[in-house]
Each structure stands twice: as structure tokens, then as C-alpha cells.
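Notes follow the structure.
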Amino acid sequence: MLAAYAAGQSASDPLSGLVVGERPDPEVRPGWTVVDLRAAALNHHDVWSLRGVGLAPDRLPMVLGCDGAGVDPDGNEVIVHAVIPSEGWRGDETLDPRRTLLSELHDGTLAEKVLVPAGNVVPKPESMAWETAACLSTAWLTAYRMLFTNSGVQPGGTVLVQGAGGGVATALIQLGSAAGYRMWATSRDEARGRRALEIGADRVFASGERLPDRVDAVMETVGAATWSHSVNSLRPGGTVVISGATSGDAPAKAELTKIFFKQLRVVGSTMGTREELAQLARLVEQRGIEPVVDSVLPLAEARDGFARMVDGDVFGKVVFTVG
């Protein structure tokens, strides 16, 4: 089968380890099922894997990809859930200390076929486009859990999204707007700021800019570069929900005094459950939300999509079509 896979790793030149070529078809095993992919999407996780972060060298070659949608052996259209719990785990799979994502221990979705546990698929709404379905498994699921499970914000509340442009940030803006939140965002780039307004942000501010009002929650994926601004932007009793730290995880000012004095909550958030993915799919269908797609390419041209992400030239999701 055709696949985009990591054959090597380099922190400084991640594309040097990427190969788009043939890999063996997955072998079915008890309790698992093969999904014939129709579309898959790219995440920063895939680039980090090529840089040697989160993917052990002894697991190479590894098919990359966490996002995907396709058809199961019974002909059902499904969305792949990328969080793989350890054998015997019960309950919220995101709390399993031995959990992995597709492409960390098991081959991922940037291929014509993917092998997943039978419980790791959810129905794709019949009217949903493949490109939309392919966007939901990782960045959109992460955003859904951040907003609706962990923020504690009621519709009508104000939410600040740090760093407009990435897959999680655009999903947060679109989902929050559809759910009735007042969505604010920050951006270092005026063009990205304008795009954020187009997809549902109520206001956009320069990175670090003082806000006209305190917000109920901040959605944080940037980390060190924006942490102090996030804490200082919250009303007393507000919440920072953090799901990533792309600029580093050691801020110059931890702001601990402000956190305890203002009784702020800091909530870590990672991916989401299979049930949350199913709820997300229904929400996207019911509200007619169309995820922002930066570009759509055939899987054979995956290297071009990776290059766009490495260069930082992406707003929304990069989607690969299969077949």
C-alpha cells in the first residue's frame, strides 16, 4: 500500500526522514479491524515524529498520521479514533498512562489502509464530506475537549485563543463560535488575524496585547511565550486550559502568586475519548461547521504538505486524499 512514513529522524531536517512509498498491507488480528482510508490529515505531531520526539528510533519505519476517515470491512463509513489504550484498560482512555496515539506504537493513517482496535472507529455522518471527517480525530477532538469538557465556560462566556492559525486554534474558534461563546484570539500575523475573524472570532489582538476585559477561559497551546499573558488575561476564578507548549514549557514567569491569589484553575487537556469524538462529529454535522482546510493533496504528494507545515505556511488543516 502507498503510505507516508518515517524512515529516519532529524531534529534539524525532519523532511530528510520522510518517505512516500510502498509499505506492507496491515495484517488483521483478533479484536482489530482494517479501515480503507478515503482521506487523512496532517498534524504537528507528524513533524515532531520526524524530528525524533515521541517516536523511538527502534520503531522505525513507522507510518505517520493520527487523523483519518474511511470504510470498514462491513462497508460502514467511519472516523478513526487515534488514542490507543493499553490492553485491559477500562474507562477514559486519555487517562491511561500507557496509552499511545496512532503512529507512536502502531502504524498511522497516512496510508491507504490502517489497522486499529475495533472499538477505535465511530460512525461518519452520511452527509459529511471525507475531507471534513479526516480533520476531526486529533486537533478538532483536542479543541472539543478543551472547550466543552475542561473549560467550564457557559455559552455567552468569553474565551481567548492564543495563537490563531494552527489546527487546534482554528478548531477552537469555529467550535466556540458555533456554541455561542464570545471568541477572542491573538496573532503575531495580521493576515492570520483577519482569517481568524472570517472563521468566527469576535475580536483579534496582537500577541501580548492588553485586553479590554478579562476573559472566562484561555485556550493555551503556545506555552512559554504566551503563559504570562494568559494568566493576566483571566478574571478571578477563570481557567487556563493547556494542551500544548509549542514555544517551550518553561515560562520566564510562572505567575504562581496570581494563580493562587485570583483562584485560577490550570487544567491540562490531552486529545479526547471515543465518545467525545462521536459527539464532535454530530455537532459538526448538525451545525454545518466546515473545518478550515489549508490545502487538499493526494497522498502521493504528501511531501509537499509536510513541507508547508515545516515552513509554518499553514492556516487550518492539510488534508490528503486516498484512492
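Residues are referred to by chain and number: the chain letter is A, B, ... according to the order shown in the C-alpha cells, the number counts from 1 in that chain, and ligands are numbered separately from 1 in the order shown.
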Using only C-alpha atoms, determine which residues lie at most 9 Å from Ser151 in chain A, disregarding the query and same-chain residues fewer than 3 positions distant; provide the list as a PyMOL selection string. chain A and resi 145-148+154+216-219+238-241+267
Env of Lys258 in chain A: 12 Å cut, atoms = only C-alpha atoms, seq-sep filter 4 positions within chain, self excluded. Answer as a PyMOL selection string. chain A and resi 228-238+253-254+262-266
Could you go through range 90-149 of chain A and tell me which residues DSSP, when run on the backbone, assigns to strand (DSSP E or B), listing them as an NGL selection string? :A and (100-101 or 111 or 113-117 or 121-123)
For Ala118 in chain A, which residue among A:Met62, A:Val168, A:Val34, A:Val83 is the nearest when counting only C-alpha atoms? A:Val34
Range 105-198 of chain A residues near range 48-56 of chain A within 12 Å, closest pair each, using only C-alpha atoms, as JSON lines:
```
{"residue": "A:Leu105", "atom": "CA", "partner": "A:Leu55", "partner_atom": "CA", "distance": 7.9}
{"residue": "A:His106", "atom": "CA", "partner": "A:Leu55", "partner_atom": "CA", "distance": 10.6}
{"residue": "A:Asp107", "atom": "CA", "partner": "A:Leu55", "partner_atom": "CA", "distance": 11.3}
{"residue": "A:Gly108", "atom": "CA", "partner": "A:Ser49", "partner_atom": "CA", "distance": 11.6}
```
Keeping only C-alpha atoms, write those residues as a PDB file, in the first residue's frame.
```
ATOM      1  CA  LEU A 105       3.464   2.341  18.573  1.00  0.00           C
ATOM      2  CA  HIS A 106       1.111   1.276  15.784  1.00  0.00           C
ATOM      3  CA  ASP A 107       1.185   2.461  12.162  1.00  0.00           C
ATOM      4  CA  GLY A 108      -0.854   5.583  11.472  1.00  0.00           C
TER       5      GLY A 108
END
```
Which neighbours of Gln174 in chain A fall inside 8 Å, counting only C-alpha atoms, when residues of the same chain fewer than 5 positions from it are skipped, and could you give them as an MDAnalysis selection string? chainID A and resid 199:201 289 291
Set the distance at 8 Å and use only C-alpha atoms: which residues neighbour range 67-73 of chain A once local chain neighbours fewer than 3 positions away are removed? I'd like the list as a PDB file with all heavy atoms, in the first residue's frame.
```
ATOM      1  N   THR A  33      -9.438  -4.110  13.411  1.00  0.00           N
ATOM      2  CA  THR A  33     -10.077  -4.056  12.104  1.00  0.00           C
ATOM      3  C   THR A  33      -9.273  -3.158  11.165  1.00  0.00           C
ATOM      4  O   THR A  33      -8.576  -2.243  11.619  1.00  0.00           O
ATOM      5  CB  THR A  33     -11.528  -3.522  12.230  1.00  0.00           C
ATOM      6  OG1 THR A  33     -12.205  -3.656  10.981  1.00  0.00           O
ATOM      7  CG2 THR A  33     -11.548  -2.049  12.638  1.00  0.00           C
ATOM      8  N   VAL A  34      -9.365  -3.417   9.882  1.00  0.00           N
ATOM      9  CA  VAL A  34      -8.670  -2.619   8.871  1.00  0.00           C
ATOM     10  C   VAL A  34      -9.648  -1.625   8.254  1.00  0.00           C
ATOM     11  O   VAL A  34     -10.738  -2.002   7.814  1.00  0.00           O
ATOM     12  CB  VAL A  34      -8.063  -3.507   7.767  1.00  0.00           C
ATOM     13  CG1 VAL A  34      -7.472  -2.635   6.657  1.00  0.00           C
ATOM     14  CG2 VAL A  34      -6.986  -4.407   8.350  1.00  0.00           C
ATOM     15  N   VAL A  35      -9.269  -0.369   8.252  1.00  0.00           N
ATOM     16  CA  VAL A  35     -10.060   0.679   7.612  1.00  0.00           C
ATOM     17  C   VAL A  35      -9.378   1.084   6.318  1.00  0.00           C
ATOM     18  O   VAL A  35      -8.172   1.383   6.308  1.00  0.00           O
ATOM     19  CB  VAL A  35     -10.206   1.910   8.542  1.00  0.00           C
ATOM     20  CG1 VAL A  35     -10.950   3.035   7.826  1.00  0.00           C
ATOM     21  CG2 VAL A  35     -10.926   1.525   9.824  1.00  0.00           C
ATOM     22  N   ASP A  36     -10.131   1.061   5.221  1.00  0.00           N
ATOM     23  CA  ASP A  36      -9.639   1.570   3.940  1.00  0.00           C
ATOM     24  C   ASP A  36      -9.828   3.086   3.946  1.00  0.00           C
ATOM     25  O   ASP A  36     -10.967   3.573   3.906  1.00  0.00           O
ATOM     26  CB  ASP A  36     -10.400   0.937   2.776  1.00  0.00           C
ATOM     27  CG  ASP A  36     -10.071  -0.531   2.596  1.00  0.00           C
ATOM     28  OD1 ASP A  36      -8.884  -0.892   2.647  1.00  0.00           O
ATOM     29  OD2 ASP A  36     -11.009  -1.333   2.417  1.00  0.00           O
ATOM     30  N   LEU A  37      -8.726   3.807   4.006  1.00  0.00           N
ATOM     31  CA  LEU A  37      -8.800   5.262   4.139  1.00  0.00           C
ATOM     32  C   LEU A  37      -9.316   5.923   2.863  1.00  0.00           C
ATOM     33  O   LEU A  37      -9.007   5.489   1.757  1.00  0.00           O
ATOM     34  CB  LEU A  37      -7.428   5.835   4.488  1.00  0.00           C
ATOM     35  CG  LEU A  37      -6.961   5.852   5.955  1.00  0.00           C
ATOM     36  CD1 LEU A  37      -7.920   6.628   6.834  1.00  0.00           C
ATOM     37  CD2 LEU A  37      -6.771   4.462   6.499  1.00  0.00           C
ATOM     38  N   ARG A  38     -10.097   6.981   3.063  1.00  0.00           N
ATOM     39  CA  ARG A  38     -10.522   7.835   1.962  1.00  0.00           C
ATOM     40  C   ARG A  38      -9.858   9.211   2.054  1.00  0.00           C
ATOM     41  O   ARG A  38      -9.639   9.883   1.049  1.00  0.00           O
ATOM     42  CB  ARG A  38     -12.043   8.003   1.973  1.00  0.00           C
ATOM     43  CG  ARG A  38     -12.800   6.712   1.699  1.00  0.00           C
ATOM     44  CD  ARG A  38     -12.566   6.220   0.271  1.00  0.00           C
ATOM     45  NE  ARG A  38     -13.325   5.015  -0.017  1.00  0.00           N
ATOM     46  CZ  ARG A  38     -12.864   3.770   0.141  1.00  0.00           C
ATOM     47  NH1 ARG A  38     -11.614   3.581   0.581  1.00  0.00           N
ATOM     48  NH2 ARG A  38     -13.606   2.733  -0.139  1.00  0.00           N
ATOM     49  N   ALA A  39      -9.557   9.620   3.274  1.00  0.00           N
ATOM     50  CA  ALA A  39      -8.867  10.902   3.484  1.00  0.00           C
ATOM     51  C   ALA A  39      -8.161  10.847   4.836  1.00  0.00           C
ATOM     52  O   ALA A  39      -8.589  10.142   5.753  1.00  0.00           O
ATOM     53  CB  ALA A  39      -9.845  12.073   3.437  1.00  0.00           C
ATOM     54  N   ALA A  40      -7.069  11.576   4.940  1.00  0.00           N
ATOM     55  CA  ALA A  40      -6.309  11.668   6.181  1.00  0.00           C
ATOM     56  C   ALA A  40      -5.774  13.093   6.275  1.00  0.00           C
ATOM     57  O   ALA A  40      -5.692  13.802   5.273  1.00  0.00           O
ATOM     58  CB  ALA A  40      -5.161  10.657   6.204  1.00  0.00           C
ATOM     59  N   ALA A  41      -5.425  13.508   7.489  1.00  0.00           N
ATOM     60  CA  ALA A  41      -4.971  14.887   7.672  1.00  0.00           C
ATOM     61  C   ALA A  41      -3.667  14.915   8.455  1.00  0.00           C
ATOM     62  O   ALA A  41      -3.355  14.003   9.223  1.00  0.00           O
ATOM     63  CB  ALA A  41      -6.040  15.718   8.373  1.00  0.00           C
ATOM     64  N   LEU A  42      -2.937  15.988   8.256  1.00  0.00           N
ATOM     65  CA  LEU A  42      -1.610  16.164   8.839  1.00  0.00           C
ATOM     66  C   LEU A  42      -1.715  16.916  10.168  1.00  0.00           C
ATOM     67  O   LEU A  42      -2.575  17.779  10.341  1.00  0.00           O
ATOM     68  CB  LEU A  42      -0.753  16.949   7.855  1.00  0.00           C
ATOM     69  CG  LEU A  42       0.744  17.098   8.122  1.00  0.00           C
ATOM     70  CD1 LEU A  42       1.429  15.745   8.182  1.00  0.00           C
ATOM     71  CD2 LEU A  42       1.373  17.967   7.020  1.00  0.00           C
ATOM     72  N   ASN A  43      -0.829  16.583  11.085  1.00  0.00           N
ATOM     73  CA  ASN A  43      -0.739  17.271  12.373  1.00  0.00           C
ATOM     74  C   ASN A  43       0.724  17.590  12.678  1.00  0.00           C
ATOM     75  O   ASN A  43       1.636  16.937  12.161  1.00  0.00           O
ATOM     76  CB  ASN A  43      -1.302  16.403  13.498  1.00  0.00           C
ATOM     77  CG  ASN A  43      -2.805  16.271  13.428  1.00  0.00           C
ATOM     78  OD1 ASN A  43      -3.549  17.180  13.793  1.00  0.00           O
ATOM     79  ND2 ASN A  43      -3.281  15.127  12.955  1.00  0.00           N
ATOM     80  N   ASN A  76     -19.129   0.193   6.263  1.00  0.00           N
ATOM     81  CA  ASN A  76     -19.556   1.366   7.029  1.00  0.00           C
ATOM     82  C   ASN A  76     -18.546   2.495   6.895  1.00  0.00           C
ATOM     83  O   ASN A  76     -17.336   2.258   6.964  1.00  0.00           O
ATOM     84  CB  ASN A  76     -19.701   1.006   8.515  1.00  0.00           C
ATOM     85  CG  ASN A  76     -20.702  -0.101   8.754  1.00  0.00           C
ATOM     86  OD1 ASN A  76     -21.847  -0.022   8.321  1.00  0.00           O
ATOM     87  ND2 ASN A  76     -20.264  -1.155   9.443  1.00  0.00           N
ATOM     88  N   GLU A  77     -19.032   3.712   6.725  1.00  0.00           N
ATOM     89  CA  GLU A  77     -18.162   4.878   6.690  1.00  0.00           C
ATOM     90  C   GLU A  77     -17.850   5.296   8.119  1.00  0.00           C
ATOM     91  O   GLU A  77     -18.762   5.517   8.937  1.00  0.00           O
ATOM     92  CB  GLU A  77     -18.831   6.021   5.924  1.00  0.00           C
ATOM     93  CG  GLU A  77     -19.067   5.679   4.448  1.00  0.00           C
ATOM     94  CD  GLU A  77     -19.664   6.828   3.659  1.00  0.00           C
ATOM     95  OE1 GLU A  77     -20.105   7.827   4.279  1.00  0.00           O
ATOM     96  OE2 GLU A  77     -19.687   6.740   2.426  1.00  0.00           O
ATOM     97  N   VAL A  78     -16.577   5.389   8.447  1.00  0.00           N
ATOM     98  CA  VAL A  78     -16.162   5.601   9.838  1.00  0.00           C
ATOM     99  C   VAL A  78     -15.069   6.652   9.934  1.00  0.00           C
ATOM    100  O   VAL A  78     -14.361   6.934   8.962  1.00  0.00           O
ATOM    101  CB  VAL A  78     -15.660   4.286  10.474  1.00  0.00           C
ATOM    102  CG1 VAL A  78     -16.772   3.245  10.527  1.00  0.00           C
ATOM    103  CG2 VAL A  78     -14.444   3.744   9.744  1.00  0.00           C
ATOM    104  N   ILE A  79     -14.945   7.201  11.146  1.00  0.00           N
ATOM    105  CA  ILE A  79     -13.849   8.096  11.514  1.00  0.00           C
ATOM    106  C   ILE A  79     -12.962   7.344  12.495  1.00  0.00           C
ATOM    107  O   ILE A  79     -13.458   6.684  13.421  1.00  0.00           O
ATOM    108  CB  ILE A  79     -14.367   9.391  12.157  1.00  0.00           C
ATOM    109  CG1 ILE A  79     -15.326  10.120  11.203  1.00  0.00           C
ATOM    110  CG2 ILE A  79     -13.203  10.311  12.535  1.00  0.00           C
ATOM    111  CD1 ILE A  79     -16.060  11.292  11.850  1.00  0.00           C
ATOM    112  N   VAL A  80     -11.664   7.422  12.300  1.00  0.00           N
ATOM    113  CA  VAL A  80     -10.719   6.700  13.151  1.00  0.00           C
ATOM    114  C   VAL A  80     -10.433   7.500  14.412  1.00  0.00           C
ATOM    115  O   VAL A  80     -10.158   8.706  14.360  1.00  0.00           O
ATOM    116  CB  VAL A  80      -9.403   6.446  12.385  1.00  0.00           C
ATOM    117  CG1 VAL A  80      -8.348   5.829  13.309  1.00  0.00           C
ATOM    118  CG2 VAL A  80      -9.655   5.532  11.187  1.00  0.00           C
ATOM    119  N   HIS A  81     -10.506   6.815  15.560  1.00  0.00           N
ATOM    120  CA  HIS A  81     -10.123   7.410  16.846  1.00  0.00           C
ATOM    121  C   HIS A  81      -8.682   7.020  17.119  1.00  0.00           C
ATOM    122  O   HIS A  81      -8.342   5.839  17.168  1.00  0.00           O
ATOM    123  CB  HIS A  81     -11.036   6.903  17.956  1.00  0.00           C
ATOM    124  CG  HIS A  81     -10.710   7.415  19.320  1.00  0.00           C
ATOM    125  ND1 HIS A  81     -10.394   8.740  19.564  1.00  0.00           N
ATOM    126  CD2 HIS A  81     -10.646   6.793  20.531  1.00  0.00           C
ATOM    127  CE1 HIS A  81     -10.160   8.916  20.855  1.00  0.00           C
ATOM    128  NE2 HIS A  81     -10.288   7.746  21.467  1.00  0.00           N
ATOM    129  N   ALA A  82      -7.816   8.011  17.313  1.00  0.00           N
ATOM    130  CA  ALA A  82      -6.372   7.782  17.301  1.00  0.00           C
ATOM    131  C   ALA A  82      -5.777   7.379  18.641  1.00  0.00           C
ATOM    132  O   ALA A  82      -4.612   6.985  18.700  1.00  0.00           O
ATOM    133  CB  ALA A  82      -5.651   9.032  16.796  1.00  0.00           C
ATOM    134  N   THR A 109      -2.312   6.779   9.986  1.00  0.00           N
ATOM    135  CA  THR A 109      -3.373   6.919   8.996  1.00  0.00           C
ATOM    136  C   THR A 109      -2.934   7.480   7.646  1.00  0.00           C
ATOM    137  O   THR A 109      -3.751   7.576   6.734  1.00  0.00           O
ATOM    138  CB  THR A 109      -4.473   7.845   9.538  1.00  0.00           C
ATOM    139  OG1 THR A 109      -3.875   9.103   9.907  1.00  0.00           O
ATOM    140  CG2 THR A 109      -5.153   7.230  10.747  1.00  0.00           C
ATOM    141  N   LEU A 110      -1.680   7.883   7.499  1.00  0.00           N
ATOM    142  CA  LEU A 110      -1.241   8.436   6.213  1.00  0.00           C
ATOM    143  C   LEU A 110      -0.884   7.289   5.284  1.00  0.00           C
ATOM    144  O   LEU A 110       0.266   7.081   4.895  1.00  0.00           O
ATOM    145  CB  LEU A 110      -0.062   9.387   6.407  1.00  0.00           C
ATOM    146  CG  LEU A 110      -0.323  10.619   7.281  1.00  0.00           C
ATOM    147  CD1 LEU A 110       0.873  11.555   7.257  1.00  0.00           C
ATOM    148  CD2 LEU A 110      -1.588  11.351   6.853  1.00  0.00           C
ATOM    149  N   LYS A 124     -19.233   7.787  10.669  1.00  0.00           N
ATOM    150  CA  LYS A 124     -19.164   9.081   9.986  1.00  0.00           C
ATOM    151  C   LYS A 124     -20.564   9.467   9.553  1.00  0.00           C
ATOM    152  O   LYS A 124     -21.258   8.675   8.922  1.00  0.00           O
ATOM    153  CB  LYS A 124     -18.267   9.000   8.748  1.00  0.00           C
ATOM    154  CG  LYS A 124     -18.166  10.326   7.993  1.00  0.00           C
ATOM    155  CD  LYS A 124     -17.361  10.203   6.703  1.00  0.00           C
ATOM    156  CE  LYS A 124     -18.181   9.662   5.549  1.00  0.00           C
ATOM    157  NZ  LYS A 124     -19.252  10.615   5.095  1.00  0.00           N
ATOM    158  N   TRP A 130     -15.615  13.624   3.152  1.00  0.00           N
ATOM    159  CA  TRP A 130     -14.443  12.895   3.647  1.00  0.00           C
ATOM    160  C   TRP A 130     -13.384  13.850   4.184  1.00  0.00           C
ATOM    161  O   TRP A 130     -12.744  13.570   5.199  1.00  0.00           O
ATOM    162  CB  TRP A 130     -13.856  12.027   2.537  1.00  0.00           C
ATOM    163  CG  TRP A 130     -14.665  10.811   2.207  1.00  0.00           C
ATOM    164  CD1 TRP A 130     -15.303  10.538   1.031  1.00  0.00           C
ATOM    165  CD2 TRP A 130     -14.917   9.688   3.067  1.00  0.00           C
ATOM    166  NE1 TRP A 130     -15.944   9.326   1.109  1.00  0.00           N
ATOM    167  CE2 TRP A 130     -15.719   8.780   2.330  1.00  0.00           C
ATOM    168  CE3 TRP A 130     -14.549   9.369   4.371  1.00  0.00           C
ATOM    169  CZ2 TRP A 130     -16.146   7.575   2.884  1.00  0.00           C
ATOM    170  CZ3 TRP A 130     -14.981   8.170   4.915  1.00  0.00           C
ATOM    171  CH2 TRP A 130     -15.768   7.291   4.180  1.00  0.00           C
ATOM    172  N   ALA A 133     -14.413  14.879   7.664  1.00  0.00           N
ATOM    173  CA  ALA A 133     -14.258  13.785   8.612  1.00  0.00           C
ATOM    174  C   ALA A 133     -12.791  13.549   8.954  1.00  0.00           C
ATOM    175  O   ALA A 133     -12.454  13.224  10.102  1.00  0.00           O
ATOM    176  CB  ALA A 133     -14.886  12.508   8.041  1.00  0.00           C
ATOM    177  N   ALA A 134     -11.919  13.721   7.975  1.00  0.00           N
ATOM    178  CA  ALA A 134     -10.494  13.458   8.178  1.00  0.00           C
ATOM    179  C   ALA A 134      -9.841  14.469   9.108  1.00  0.00           C
ATOM    180  O   ALA A 134      -8.757  14.218   9.628  1.00  0.00           O
ATOM    181  CB  ALA A 134      -9.761  13.449   6.841  1.00  0.00           C
ATOM    182  N   CYS A 135     -10.493  15.603   9.343  1.00  0.00           N
ATOM    183  CA  CYS A 135      -9.898  16.648  10.188  1.00  0.00           C
ATOM    184  C   CYS A 135     -10.160  16.444  11.678  1.00  0.00           C
ATOM    185  O   CYS A 135      -9.522  17.101  12.512  1.00  0.00           O
ATOM    186  CB  CYS A 135     -10.473  18.018   9.795  1.00  0.00           C
ATOM    187  SG  CYS A 135      -9.978  18.626   8.172  1.00  0.00           S
ATOM    188  N   LEU A 136     -11.086  15.568  12.041  1.00  0.00           N
ATOM    189  CA  LEU A 136     -11.659  15.602  13.384  1.00  0.00           C
ATOM    190  C   LEU A 136     -10.879  14.847  14.452  1.00  0.00           C
ATOM    191  O   LEU A 136     -10.995  15.157  15.640  1.00  0.00           O
ATOM    192  CB  LEU A 136     -13.100  15.070  13.347  1.00  0.00           C
ATOM    193  CG  LEU A 136     -14.071  15.809  12.409  1.00  0.00           C
ATOM    194  CD1 LEU A 136     -15.474  15.226  12.566  1.00  0.00           C
ATOM    195  CD2 LEU A 136     -14.080  17.303  12.676  1.00  0.00           C
ATOM    196  N   SER A 137     -10.097  13.851  14.088  1.00  0.00           N
ATOM    197  CA  SER A 137      -9.591  12.890  15.072  1.00  0.00           C
ATOM    198  C   SER A 137      -8.611  13.466  16.084  1.00  0.00           C
ATOM    199  O   SER A 137      -8.521  12.949  17.208  1.00  0.00           O
ATOM    200  CB  SER A 137      -8.907  11.725  14.357  1.00  0.00           C
ATOM    201  OG  SER A 137      -9.762  11.102  13.437  1.00  0.00           O
ATOM    202  N   THR A 138      -7.861  14.493  15.735  1.00  0.00           N
ATOM    203  CA  THR A 138      -6.790  14.961  16.625  1.00  0.00           C
ATOM    204  C   THR A 138      -6.982  16.416  17.035  1.00  0.00           C
ATOM    205  O   THR A 138      -7.389  16.695  18.161  1.00  0.00           O
ATOM    206  CB  THR A 138      -5.418  14.764  15.955  1.00  0.00           C
ATOM    207  OG1 THR A 138      -5.268  13.384  15.599  1.00  0.00           O
ATOM    208  CG2 THR A 138      -4.287  15.144  16.898  1.00  0.00           C
TER     209      THR A 138
END
```
CA of Trp140 in chain A to CA of Ser12 in chain A measures 28.1 Å
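In terms of minimum interatomic distance to Leu256 in chain A, A:Trp227 ranks closest within A:Glu93, A:Trp227, A:Val215, A:Val116, counting only C-alpha atoms.
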Mind checking which residues fall within 10 Å of Trp89 in chain A, counting only C-alpha atoms, ignoring those fewer than 5 positions away in the same chain, and posting them as an MDAnalysis selection string? chainID A and resid 84 95:99
Residues at most 12 Å from Arg195 in chain A, counting only C-alpha atoms, excluding those fewer than 6 positions away in the same chain, as a CSV table (one decimal) with N, CA and C atoms, in the first residue's frame?
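What ended up in result04.csv:
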```csv
chain,number,residue,atom,x,y,z
A,164,ALA,N,-3.7,32.3,16.8
A,164,ALA,CA,-4.6,31.9,15.7
A,164,ALA,C,-3.8,31.3,14.6
A,165,GLY,N,-4.3,30.3,13.9
A,165,GLY,CA,-3.7,29.8,12.7
A,165,GLY,C,-3.5,28.3,12.7
A,166,GLY,N,-3.1,27.7,13.8
A,166,GLY,CA,-2.8,26.3,13.9
A,166,GLY,C,-4.1,25.5,13.9
A,169,ALA,N,-6.1,25.8,17.2
A,169,ALA,CA,-6.7,27.1,17.3
A,169,ALA,C,-7.8,27.4,16.4
A,170,THR,N,-7.7,27.0,15.1
A,170,THR,CA,-8.8,27.3,14.2
A,170,THR,C,-10.1,26.5,14.6
A,173,ILE,N,-11.8,28.2,17.6
A,173,ILE,CA,-12.6,29.4,17.1
A,173,ILE,C,-13.9,29.0,16.5
A,174,GLN,N,-13.8,28.0,15.6
A,174,GLN,CA,-15.0,27.6,14.9
A,174,GLN,C,-16.0,26.9,15.8
A,185,ALA,N,-9.1,36.0,20.0
A,185,ALA,CA,-7.8,35.3,19.6
A,185,ALA,C,-6.7,36.3,19.5
A,186,THR,N,-5.5,35.8,19.7
A,186,THR,CA,-4.3,36.6,19.5
A,186,THR,C,-3.5,36.1,18.3
A,187,SER,N,-2.7,36.9,17.6
A,187,SER,CA,-1.9,36.5,16.5
A,187,SER,C,-0.8,37.5,16.3
A,189,ASP,N,0.5,37.7,13.4
A,189,ASP,CA,0.5,38.0,11.9
A,189,ASP,C,-0.9,38.6,11.6
A,201,ALA,N,-14.0,34.4,14.9
A,201,ALA,CA,-13.5,35.2,16.1
A,201,ALA,C,-14.2,36.5,16.1
A,202,ASP,N,-14.6,36.9,17.4
A,202,ASP,CA,-15.3,38.2,17.5
A,202,ASP,C,-14.3,39.4,17.5
A,203,ARG,N,-13.1,39.1,18.1
A,203,ARG,CA,-12.0,40.1,18.0
A,203,ARG,C,-10.7,39.4,18.0
A,204,VAL,N,-9.7,40.1,17.4
A,204,VAL,CA,-8.3,39.6,17.4
A,204,VAL,C,-7.4,40.7,17.9
A,292,VAL,N,-11.7,24.6,8.7
A,292,VAL,CA,-10.8,25.3,7.8
A,292,VAL,C,-9.7,24.4,7.2
A,294,ASP,N,-6.5,24.1,4.9
A,294,ASP,CA,-5.4,24.9,4.2
A,294,ASP,C,-5.2,24.5,2.8
A,314,VAL,N,0.9,27.4,7.0
A,314,VAL,CA,-0.4,26.7,7.1
A,314,VAL,C,-1.4,27.4,8.0
A,315,PHE,N,-2.6,27.5,7.5
A,315,PHE,CA,-3.7,28.1,8.3
A,315,PHE,C,-4.8,27.0,8.2
A,316,GLY,N,-5.1,26.3,9.2
A,316,GLY,CA,-6.1,25.2,9.2
A,316,GLY,C,-5.4,23.9,8.9
```
Surrounding residues of Asp304 in chain A excluding itself and chain neighbours under 4 positions, 12 Å, only C-alpha atoms, as a list in words: Ala4, Leu15, Leu18, Val19, Val20, Leu42, Ser295, Val296, Leu297, Pro298, Leu299, Ala300, Arg308, Met309, Val310, Asp311, Asp313, Val314, Val318, Val319 and Phe320 of chain A
